[in-house]
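Source file: start_10.txt. Holds: compact mmCIF, C-alpha atoms.
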# COMPACT_ATOMS: atom_id res chain seq x y z
CA MET A 241 101.53 128.13 210.97
CA ARG A 242 97.85 127.72 210.38
CA SER A 243 98.05 128.55 206.71
CA SER A 244 100.80 125.99 206.14
CA LEU A 245 98.52 123.37 207.70
CA VAL A 246 95.75 124.33 205.30
CA ILE A 247 98.12 124.15 202.34
CA THR A 248 99.37 120.74 203.40
CA THR A 249 95.80 119.47 203.72
CA LEU A 250 94.85 120.83 200.31
CA LEU A 251 97.95 119.32 198.73
CA ALA A 252 97.24 115.96 200.30
CA ALA A 253 93.65 116.09 199.08
CA ALA A 254 94.79 116.97 195.57
CA LEU A 255 97.34 114.17 195.53
CA LEU A 256 94.78 111.69 196.80
CA GLY A 257 92.39 112.84 194.13
CA PHE A 258 94.93 112.31 191.39
CA GLY A 259 96.00 108.99 192.83
CA ALA A 260 92.47 107.64 192.72
CA GLY A 261 92.19 108.41 189.01
CA PRO A 262 88.96 108.15 187.03
CA ALA A 263 86.35 105.61 188.01
CA GLN A 264 86.83 102.27 186.34
CA ALA A 265 84.21 99.65 185.76
CA ILE A 266 86.55 96.82 184.92
CA LEU A 267 85.60 93.88 187.11
CA ALA A 268 87.71 91.35 188.89
CA GLY A 269 88.25 88.32 186.69
CA GLU A 270 88.08 90.33 183.46
CA ALA A 271 91.73 91.36 183.44
CA LEU A 272 94.20 89.26 181.52
CA ASP A 273 97.10 87.62 183.34
CA ASP A 274 99.60 88.94 180.82
CA PRO A 275 100.30 92.55 181.88
CA VAL A 276 101.36 93.63 178.39
CA LEU A 277 98.19 92.32 176.75
CA GLU A 278 96.10 93.75 179.57
CA ALA A 279 97.69 97.17 179.11
CA ARG A 280 96.87 97.01 175.39
CA ALA A 281 93.32 95.91 176.21
CA ARG A 282 92.88 98.85 178.60
CA ASP A 283 94.26 101.23 176.02
CA ILE A 284 91.86 99.99 173.32
CA SER A 285 88.91 99.92 175.74
CA LYS A 286 89.47 103.55 176.66
CA GLY A 287 89.02 104.53 173.02
CA LEU A 288 85.82 102.55 172.43
CA ARG A 289 82.48 104.15 173.14
CA CYS A 290 79.88 102.34 175.19
CA MET A 291 76.97 102.43 172.73
CA VAL A 292 74.45 102.20 175.54
CA CYS A 293 75.65 105.17 177.59
CA GLN A 294 77.24 106.92 174.58
CA ASN A 295 79.50 109.27 176.51
CA GLN A 296 81.52 106.75 178.43
CA SER A 297 84.19 104.43 177.18
CA ILE A 298 83.61 100.72 177.61
CA ASP A 299 86.44 100.86 180.12
CA ASP A 300 84.36 103.15 182.35
CA SER A 301 80.90 101.72 181.82
CA ASN A 302 78.97 99.23 183.88
CA ALA A 303 76.56 98.39 181.07
CA GLY A 304 76.24 94.76 180.06
CA LEU A 305 77.21 95.49 176.47
CA ALA A 306 80.36 97.32 177.63
CA LYS A 307 81.37 94.30 179.67
CA ASP A 308 80.79 92.02 176.67
CA LEU A 309 82.91 94.28 174.48
CA ARG A 310 85.69 94.42 177.10
CA LEU A 311 85.80 90.64 177.09
CA LEU A 312 85.66 90.58 173.30
CA VAL A 313 88.63 92.97 173.04
CA ARG A 314 90.65 90.73 175.35
CA GLU A 315 89.61 87.63 173.46
CA ARG A 316 90.78 89.08 170.16
CA LEU A 317 94.10 90.17 171.68
CA VAL A 318 94.72 86.73 173.10
CA ALA A 319 93.91 85.29 169.67
CA GLY A 320 96.78 87.38 168.32
CA ASP A 321 95.02 90.40 166.77
CA SER A 322 96.87 93.70 166.51
CA ASP A 323 95.36 96.74 168.24
CA ARG A 324 94.21 97.99 164.88
CA GLN A 325 92.55 94.69 163.98
CA VAL A 326 90.65 94.71 167.27
CA ARG A 327 89.41 98.25 166.66
CA ASP A 328 88.45 97.41 163.08
CA TYR A 329 86.53 94.39 164.33
CA VAL A 330 84.38 96.54 166.58
CA VAL A 331 84.03 99.34 163.99
CA ALA A 332 82.80 96.78 161.43
CA ARG A 333 79.83 96.13 163.73
CA TYR A 334 79.09 99.48 165.31
CA GLY A 335 80.56 102.00 162.87
CA ASP A 336 82.97 104.88 163.41
CA TYR A 337 80.66 106.19 166.10
CA VAL A 338 82.05 103.55 168.44
CA LEU A 339 85.45 105.28 168.35
CA LEU A 340 85.68 108.06 170.92
CA LYS A 341 88.32 109.68 168.72
CA PRO A 342 86.81 110.08 165.25
CA PRO A 343 89.03 108.93 162.36
CA PHE A 344 90.53 111.51 159.98
CA LYS A 345 88.71 111.05 156.66
CA PRO A 346 86.74 113.17 154.15
CA SER A 347 83.52 113.14 156.19
CA THR A 348 85.38 114.37 159.27
CA TYR A 349 87.67 116.95 157.65
CA ALA A 350 85.43 119.77 158.88
CA LEU A 351 85.58 118.37 162.39
CA TRP A 352 89.36 118.04 162.49
CA LEU A 353 90.36 121.08 160.42
CA GLY A 354 87.50 123.42 161.38
CA PRO A 355 88.99 124.73 164.64
CA GLY A 356 92.40 125.44 163.06
CA LEU A 357 90.69 127.20 160.16
CA MET A 358 88.63 129.34 162.54
CA LEU A 359 91.76 130.23 164.47
CA MET A 360 93.55 131.24 161.29
CA LEU A 361 90.59 133.37 160.15
CA ALA A 362 90.37 135.04 163.54
CA GLY A 363 94.14 135.60 163.55
CA ALA A 364 93.98 137.19 160.09
CA GLY A 365 91.17 139.42 161.35
CA VAL A 366 93.28 140.56 164.30
CA VAL A 367 96.28 141.29 162.07
CA VAL A 368 94.18 143.37 159.69
CA PHE A 369 92.62 145.25 162.59
CA LEU A 370 95.96 146.01 164.24
CA ARG A 371 97.54 147.16 160.98
CA ARG A 372 94.72 149.57 160.36
CA GLN A 373 94.99 150.88 163.90
CA SER A 374 98.70 151.59 163.58
CA ARG A 375 98.26 153.27 160.20
CA ARG A 376 95.76 155.74 161.61
CA PRO A 377 97.48 159.02 162.54
CA PRO A 378 97.69 159.50 166.28
CA THR A 379 95.21 162.10 167.44
CA ALA A 380 96.76 165.11 169.11
CA GLU A 381 95.37 165.18 172.59
CA ALA A 382 94.74 168.47 174.34
CA PRO A 383 96.46 168.85 177.68
CA LEU A 384 94.28 169.02 180.81
CA ASP A 385 92.95 172.38 181.67
CA ASP A 386 93.13 173.81 185.19
CA ASP A 387 89.70 172.59 186.22
CA GLU A 388 90.41 169.03 185.10
CA ARG A 389 93.72 169.06 186.89
CA ARG A 390 92.05 170.13 190.15
CA ARG A 391 89.45 167.35 189.87
CA LEU A 392 92.12 164.77 189.18
CA ALA A 393 94.16 165.90 192.19
CA ALA A 394 91.07 165.72 194.39
CA MET A 395 90.33 162.17 193.24
CA LEU A 396 93.91 161.05 193.83
CA ASP A 397 93.84 162.57 197.32
CA ASP A 398 90.71 160.67 198.15
CA ALA A 399 92.19 157.36 197.24
CA MET B 157 81.22 149.96 153.35
CA LYS B 158 77.72 148.54 153.39
CA LEU B 159 79.08 145.02 152.93
CA LYS B 160 81.26 145.38 155.97
CA PHE B 161 78.23 146.29 158.01
CA LEU B 162 76.51 143.09 156.84
CA LEU B 163 79.41 140.83 157.77
CA PRO B 164 78.50 140.24 161.44
CA VAL B 165 74.85 139.78 160.46
CA LEU B 166 75.77 137.13 157.88
CA LEU B 167 78.11 135.49 160.37
CA PHE B 168 75.34 135.37 162.93
CA ALA B 169 72.88 133.97 160.39
CA GLY B 170 75.38 131.28 159.42
CA VAL B 171 76.09 130.22 162.98
CA ALA B 172 72.39 130.31 163.88
CA THR B 173 71.53 128.14 160.87
CA ALA B 174 74.25 125.62 161.69
CA LEU B 175 73.15 125.40 165.32
CA GLY B 176 69.49 125.24 164.30
CA VAL B 177 70.19 122.28 162.03
CA GLY B 178 72.19 120.74 164.88
CA LEU B 179 69.11 120.90 167.08
CA THR B 180 67.11 118.78 164.66
CA ILE B 181 69.70 116.01 164.61
CA LYS B 182 68.82 113.30 167.08
CA PRO B 183 72.04 112.05 168.62
CA GLY B 184 70.21 108.86 169.59
CA ASP B 185 69.71 107.87 165.96
CA LEU B 186 72.77 105.89 165.13
CA PRO B 187 73.28 104.75 161.58
CA SER B 188 73.89 101.05 161.31
CA VAL B 189 76.98 99.98 159.40
CA MET B 190 75.26 96.67 158.80
CA ILE B 191 72.89 98.13 156.21
CA ASN B 192 73.34 96.46 152.80
CA GLN B 193 75.62 93.88 154.36
CA GLN B 194 75.08 90.17 154.51
CA VAL B 195 73.74 89.02 157.87
CA PRO B 196 76.65 88.01 160.08
CA GLU B 197 77.41 84.32 160.44
CA PHE B 198 75.75 82.75 163.45
CA ASP B 199 74.31 79.46 164.61
CA LEU B 200 72.21 79.75 167.73
CA PRO B 201 70.76 76.98 169.88
CA PRO B 202 66.98 76.77 170.26
CA LEU B 203 65.10 78.40 173.09
CA LEU B 204 64.05 76.14 175.94
CA ASP B 205 61.60 73.47 174.73
CA ARG B 206 61.69 74.59 171.10
CA PRO B 207 62.73 72.07 168.47
CA ARG B 208 64.96 74.22 166.26
CA GLY B 209 67.48 76.97 166.74
CA LEU B 210 68.36 79.70 164.28
CA ALA B 211 71.35 80.07 161.99
CA SER B 212 72.34 82.66 159.40
CA SER B 213 71.75 80.02 156.71
CA ASP B 214 68.04 80.05 157.66
CA LEU B 215 67.74 83.63 156.48
CA THR B 216 67.84 83.13 152.72
CA GLY B 217 65.14 82.98 150.06
CA LYS B 218 62.52 85.17 151.73
CA VAL B 219 62.05 88.65 153.05
CA ARG B 220 61.98 88.49 156.83
CA LEU B 221 61.99 90.48 160.02
CA VAL B 222 64.63 89.54 162.54
CA ASN B 223 63.68 90.76 165.98
CA PHE B 224 66.05 90.92 168.95
CA PHE B 225 64.03 90.54 172.15
CA ALA B 226 64.33 89.61 175.82
CA SER B 227 61.95 89.05 178.69
CA TRP B 228 63.75 91.74 180.72
CA CYS B 229 63.11 94.35 178.06
CA PHE B 230 60.16 96.60 178.76
CA ALA B 231 59.73 97.96 175.24
CA CYS B 232 59.80 94.42 173.84
CA ARG B 233 56.61 93.80 175.72
CA LEU B 234 55.04 96.86 174.16
CA GLU B 235 55.68 95.69 170.62
CA HIS B 236 54.90 92.04 171.33
CA PRO B 237 51.16 92.17 170.51
CA LEU B 238 52.06 93.71 167.16
CA LEU B 239 54.50 90.91 166.39
CA ASN B 240 51.79 88.42 167.33
CA ARG B 241 49.44 90.11 164.88
CA ILE B 242 52.06 90.08 162.09
CA ASN B 243 52.47 86.38 162.68
CA ALA B 244 48.75 85.58 162.99
CA ASP B 245 47.92 87.48 159.79
CA GLY B 246 50.88 85.94 157.96
CA ILE B 247 52.11 89.38 156.89
CA VAL B 248 55.83 88.63 156.97
CA PRO B 249 57.76 85.90 158.79
CA VAL B 250 59.31 87.14 162.01
CA TYR B 251 62.45 85.43 163.25
CA GLY B 252 63.46 85.99 166.85
CA ILE B 253 66.81 86.22 168.58
CA ASN B 254 66.49 86.06 172.33
CA TYR B 255 69.26 88.32 173.60
CA LYS B 256 70.98 87.71 176.93
CA ASP B 257 67.97 86.15 178.58
CA MET B 258 67.55 83.33 181.07
CA PRO B 259 66.15 80.30 179.20
CA GLU B 260 63.30 79.81 181.69
CA ASP B 261 62.39 83.50 181.61
CA ALA B 262 62.26 83.54 177.81
CA LYS B 263 60.12 80.42 177.73
CA ALA B 264 57.72 81.75 180.35
CA TRP B 265 57.43 85.03 178.45
CA LEU B 266 56.60 83.37 175.13
CA ASP B 267 54.23 80.88 176.79
CA ARG B 268 52.33 83.68 178.45
CA LEU B 269 52.32 86.34 175.74
CA GLY B 270 52.35 84.14 172.66
CA ASP B 271 55.19 83.13 170.36
CA PRO B 272 55.20 85.19 167.16
CA TYR B 273 58.46 83.73 165.86
CA ALA B 274 58.62 81.35 162.92
CA ARG B 275 62.09 80.43 164.10
CA SER B 276 64.06 81.60 167.08
CA GLY B 277 67.45 81.19 168.64
CA ALA B 278 68.95 81.97 172.02
CA ASP B 279 71.90 84.36 172.16
CA PHE B 280 72.72 83.99 175.82
CA PRO B 281 76.30 85.31 175.62
CA GLY B 282 75.18 88.27 173.47
CA ARG B 283 77.90 87.67 170.90
CA THR B 284 75.50 87.39 167.96
CA GLY B 285 73.96 90.67 169.09
CA ILE B 286 77.38 92.31 168.90
CA ASP B 287 77.90 90.88 165.41
CA TRP B 288 74.64 92.52 164.33
CA GLY B 289 75.65 95.78 165.99
CA VAL B 290 72.80 95.60 168.49
CA TYR B 291 73.11 98.04 171.40
CA GLY B 292 69.67 98.30 172.97
CA LEU B 293 66.56 96.20 172.76
CA PRO B 294 64.33 95.78 170.94
CA GLU B 295 65.92 96.06 167.53
CA THR B 296 64.26 94.77 164.39
CA PHE B 297 66.04 94.15 161.09
CA ILE B 298 64.54 93.67 157.66
CA VAL B 299 66.49 90.99 155.81
CA ASP B 300 66.03 90.51 152.05
CA ARG B 301 66.01 87.30 149.99
CA GLN B 302 69.77 87.37 149.58
CA SER B 303 70.02 87.61 153.37
CA ARG B 304 71.20 91.18 153.28
CA ILE B 305 70.24 93.59 156.02
CA VAL B 306 68.14 96.33 154.44
CA TYR B 307 66.84 98.28 157.39
CA ARG B 308 67.19 98.45 161.14
CA HIS B 309 64.46 99.71 163.44
CA ILE B 310 65.57 100.67 166.93
CA GLY B 311 63.05 100.51 169.75
CA ALA B 312 59.53 99.17 169.95
CA ILE B 313 57.67 99.02 166.65
CA SER B 314 54.53 101.13 166.79
CA PRO B 315 51.54 100.34 164.54
CA SER B 316 52.38 103.40 162.46
CA ASP B 317 56.05 102.34 162.11
CA LEU B 318 54.75 99.04 160.79
CA GLU B 319 52.23 100.57 158.38
CA ASN B 320 54.36 103.40 157.06
CA CYS B 321 57.88 102.07 157.14
CA LEU B 322 58.46 98.37 157.75
CA LEU B 323 55.68 96.96 155.59
CA PRO B 324 56.30 99.27 152.62
CA VAL B 325 59.96 98.23 152.66
CA VAL B 326 58.99 94.56 152.84
CA GLU B 327 56.60 95.05 149.90
CA LYS B 328 59.24 96.80 147.82
CA LEU B 329 61.72 94.03 148.49
CA ARG B 330 59.18 91.42 147.53
CA ALA B 331 58.18 93.22 144.36
CA SER B 332 61.68 93.55 142.99
CA GLU B 333 64.80 91.59 142.43
CA LEU B 334 66.70 94.79 142.91
CA ALA B 335 69.71 95.07 145.10
CA ALA B 336 68.75 96.14 148.58
CA ASN B 337 70.70 99.39 148.36
CA SER B 338 68.56 100.58 145.44
CA ILE B 339 65.42 100.44 147.59
CA LYS B 340 64.28 103.90 148.52
CA LEU B 341 63.16 103.92 152.12
CA PRO B 342 59.80 105.58 152.79
CA SER B 343 60.10 108.92 154.55
CA ALA B 344 58.42 107.41 157.61
CA CYS B 345 61.55 105.30 158.10
CA GLN B 346 63.67 108.41 158.49
CA ARG B 347 61.29 109.82 161.03
CA SER B 348 62.96 110.12 164.31
CA THR B 349 62.61 107.87 167.28
CA GLN B 350 59.72 108.56 169.57
CA GLN B 351 59.36 108.86 173.27
CA ILE B 352 58.88 105.18 173.67
CA ASP B 353 62.06 104.38 171.82
CA LEU B 354 64.05 106.53 174.16
CA LYS B 355 62.82 104.41 177.02
CA SER B 356 63.77 101.22 175.28
CA LYS B 357 67.20 102.50 174.47
CA LEU B 358 67.85 103.19 178.09
CA GLN B 359 66.88 99.67 178.84
CA THR B 360 69.85 97.42 178.72
CA LYS B 361 70.74 94.45 180.75
CA SER B 362 73.26 95.19 183.45
This entry written out as C-alpha cells:
Amino acid sequence: MRSSLVITTLLAAALLGFGAGPAQAILAGEALDDPVLEARARDISKGLRCMVCQNQSIDDSNAGLAKDLRLLVRERLVAGDSDRQVRDYVVARYGDYVLLKPPFKPSTYALWLGPGLMLMLAGAGVVVFLRRQSRRPPTAEAPLDDDERRRLAAMLDDA
Amino acid sequence: MKLKFLLPVLLFAGVATALGVGLTIKPGDLPSVMINQQVPEFDLPPLLDRPRGLASSDLTGKVRLVNFFASWCFACRLEHPLLNRINADGIVPVYGINYKDMPEDAKAWLDRLGDPYARSGADFPGRTGIDWGVYGLPETFIVDRQSRIVYRHIGAISPSDLENCLLPVVEKLRASELAANSIKLPSACQRSTQQIDLKSKLQTKS
C-alpha cells in the first residue's frame, strides 16, 4: 500500500518534470501571431547559439543579443525567408560557430566521422582478439584434488 | 612483437598530444567571418547633440579603427583613455558606434571622459552590431581604405595590444595598396585574450 503511494508520487513528479520542459527565455510579445511561423521561429532559434553565453541557444538565453536575434529571426520569417535563408543570414555575420549543430563539410569531417571511425577500429580490434582466443587450443584443466574439494564444500556450507 | 608492445604507448602519446593541444585553444577566441569582407551597409543617426551620424559610406579612403562602445560597458571605460590618446596624438582616426545605449547616458559618458571619435553613430536597436557580428563589448575593427574589415579585436585594447598588434597592422595597411587578406598579422594579434577581456566578454546588456 505504502510502496504504491511512493510509486504514484514519483510518477507524478516525473510527469510534472517532463511537462514543464526546458527553461525558455522567450518573452511575452516576442511570439508571432501566426502559429506556423512561430513554430518555425522556435525551431530555428533552438539551433542558434547565443554568442554571449555560448552554450545556450538563443531560445533559452536571457542575454540582450539573444533577444535581438530572436526578433531578427522572426522578422526574416515574416519577410518571407525560408528557414535556410534565415540561418544563412545569421551565419554570414557570426560564422558556423553560431550553429549548435555544426555543418558537414571538409573542416568538420573529423568531428562527424571520427566517432564512427573509432567505433569501427575498436570493433575490428575486438574481432581480432576474439578470433585469436578461439584459435588457441583449450588448456586441459586438472580436476580438483581431495583437499580442494573439501575446501570448496566448506565454503559452500558457510554460505 | 616489440611493435605490439609500443602500440598502447603510441596511442597514449597521440591522445595526450591531442588533448594537450586542445588545452591551448581558447574557446573564447571566436574567429570573425567578417574578416576581409566589406563593412556591412549601415546608416546610423548621430549621438545626442552631435552634428553628424555615421554611415558605411563614411568608411572609405582611409585606414580607420571602428570601435563599438557603450556607457554600460565596464571594459570600454578601461580602454577609453587609450582611445583618447590615439585621437589626441592623431595616430589613426577612431570612429565610434554606440551600441544599445541610452542617448543621455552616452552623451554624459563622452562629455565626462572625453570624445575620442572623429565620427560616431548611435546603434540603439543593436542591428548594426549584429551585422558586424558583434557579441560583446568593446570590439574594435580595423577597416582599410577600401572599407574592408581587416582585423577584429575583442575586449578592451591594452597599450601593448595597441603597440604590438593594432598599430603595426594600421601601418602595413597604410604602406601598401595590397589587398587586406595579403597582410600578415603580427604574432601579437594572435596572442590570446587576457584576463581583462574575459571580463568584458561577460559584460553584455541584458
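Within 10 Å of chain B, chain A contributes the residues A:Cys290, A:Met291, A:Val292, A:Cys293, A:Gln294, A:Asn302, A:Ala303, A:Gly304, A:Leu305, A:Ala306, A:Lys307, A:Asp308, A:Leu309, A:Leu312, A:Tyr329, A:Val330, A:Val331, A:Ala332, A:Arg333, A:Tyr334, A:Gly335, A:Asp336, A:Tyr337, using all atoms listed in the file.
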Practice task
Write out as a ChimeraX atom specification which residues come within 10 Å of B:Val222 when counting all atoms listed in the file, dropping same-chain ones fewer than 6 positions away.
Solution key: /B:215,249-253,273,275-276,295-299,305,308
Completion exercise
What separates atom CA of A:Leu317 and atom CA of A:Leu277 is a distance of 6.9 Å
Exercise for the section: Excluding B:Tyr307 and residues on its chain fewer than 4 positions from it, collect all residues at most 12 Å away from it, counting all atoms listed in the file, and give them as number ranges by chain. Expected result: B: 187-195, 219-223, 288, 295-300, 303, 321-326, 329, 336-337, 339-342, 345-346
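Note that atom CA of B:Ala226 and atom CA of B:Gly209 are 15.9 Å apart.
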Handout entry: Coordinates-based distance that separates atom CA of B:Asp317 from atom CA of B:Arg241 (Å, one decimal)
Key =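 Computed distance, atom CA of B:Arg241 to atom CA of B:Asp317, equals 14.2 Å.
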From the structure just shown, export stretch 296-338 of chain A with C-alpha atoms as a compact mmCIF listing (two decimals), in the first residue's frame.
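Okay, part12.txt is ready:
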# COMPACT_ATOMS: atom_id res chain seq x y z
CA GLN A 296 22.77 28.08 -24.69
CA SER A 297 20.58 28.51 -27.71
CA ILE A 298 19.10 31.93 -28.31
CA ASP A 299 15.77 30.31 -27.49
CA ASP A 300 16.98 29.60 -23.94
CA SER A 301 19.05 32.69 -23.25
CA ASN A 302 18.13 35.88 -21.48
CA ALA A 303 21.03 37.84 -22.98
CA GLY A 304 20.20 41.03 -24.85
CA LEU A 305 21.87 39.79 -28.02
CA ALA A 306 19.84 36.56 -27.91
CA LYS A 307 16.65 38.57 -27.68
CA ASP A 308 17.72 40.71 -30.64
CA LEU A 309 18.48 37.61 -32.68
CA ARG A 310 15.13 36.02 -31.75
CA LEU A 311 13.39 39.11 -33.04
CA LEU A 312 15.59 39.14 -36.13
CA VAL A 313 14.73 35.51 -36.93
CA ARG A 314 11.03 36.32 -36.68
CA GLU A 315 11.44 39.43 -38.78
CA ARG A 316 13.13 37.49 -41.57
CA LEU A 317 10.45 34.79 -41.47
CA VAL A 318 7.68 37.36 -41.72
CA ALA A 319 9.54 38.92 -44.64
CA GLY A 320 9.23 35.56 -46.39
CA ASP A 321 12.67 33.97 -45.88
CA SER A 322 13.00 30.19 -45.86
CA ASP A 323 14.42 28.53 -42.74
CA ARG A 324 17.67 28.05 -44.58
CA GLN A 325 17.87 31.70 -45.64
CA VAL A 326 17.35 32.80 -42.05
CA ARG A 327 20.13 30.52 -40.81
CA ASP A 328 22.45 31.66 -43.61
CA TYR A 329 21.73 35.27 -42.69
CA VAL A 330 22.92 34.72 -39.13
CA VAL A 331 25.87 32.52 -40.19
CA ALA A 332 27.02 35.26 -42.59
CA ARG A 333 27.51 37.50 -39.54
CA TYR A 334 28.62 35.16 -36.79
CA GLY A 335 30.09 32.18 -38.65
CA ASP A 336 29.39 28.47 -38.37
CA TYR A 337 30.07 28.71 -34.66
CA VAL A 338 26.60 30.20 -34.23
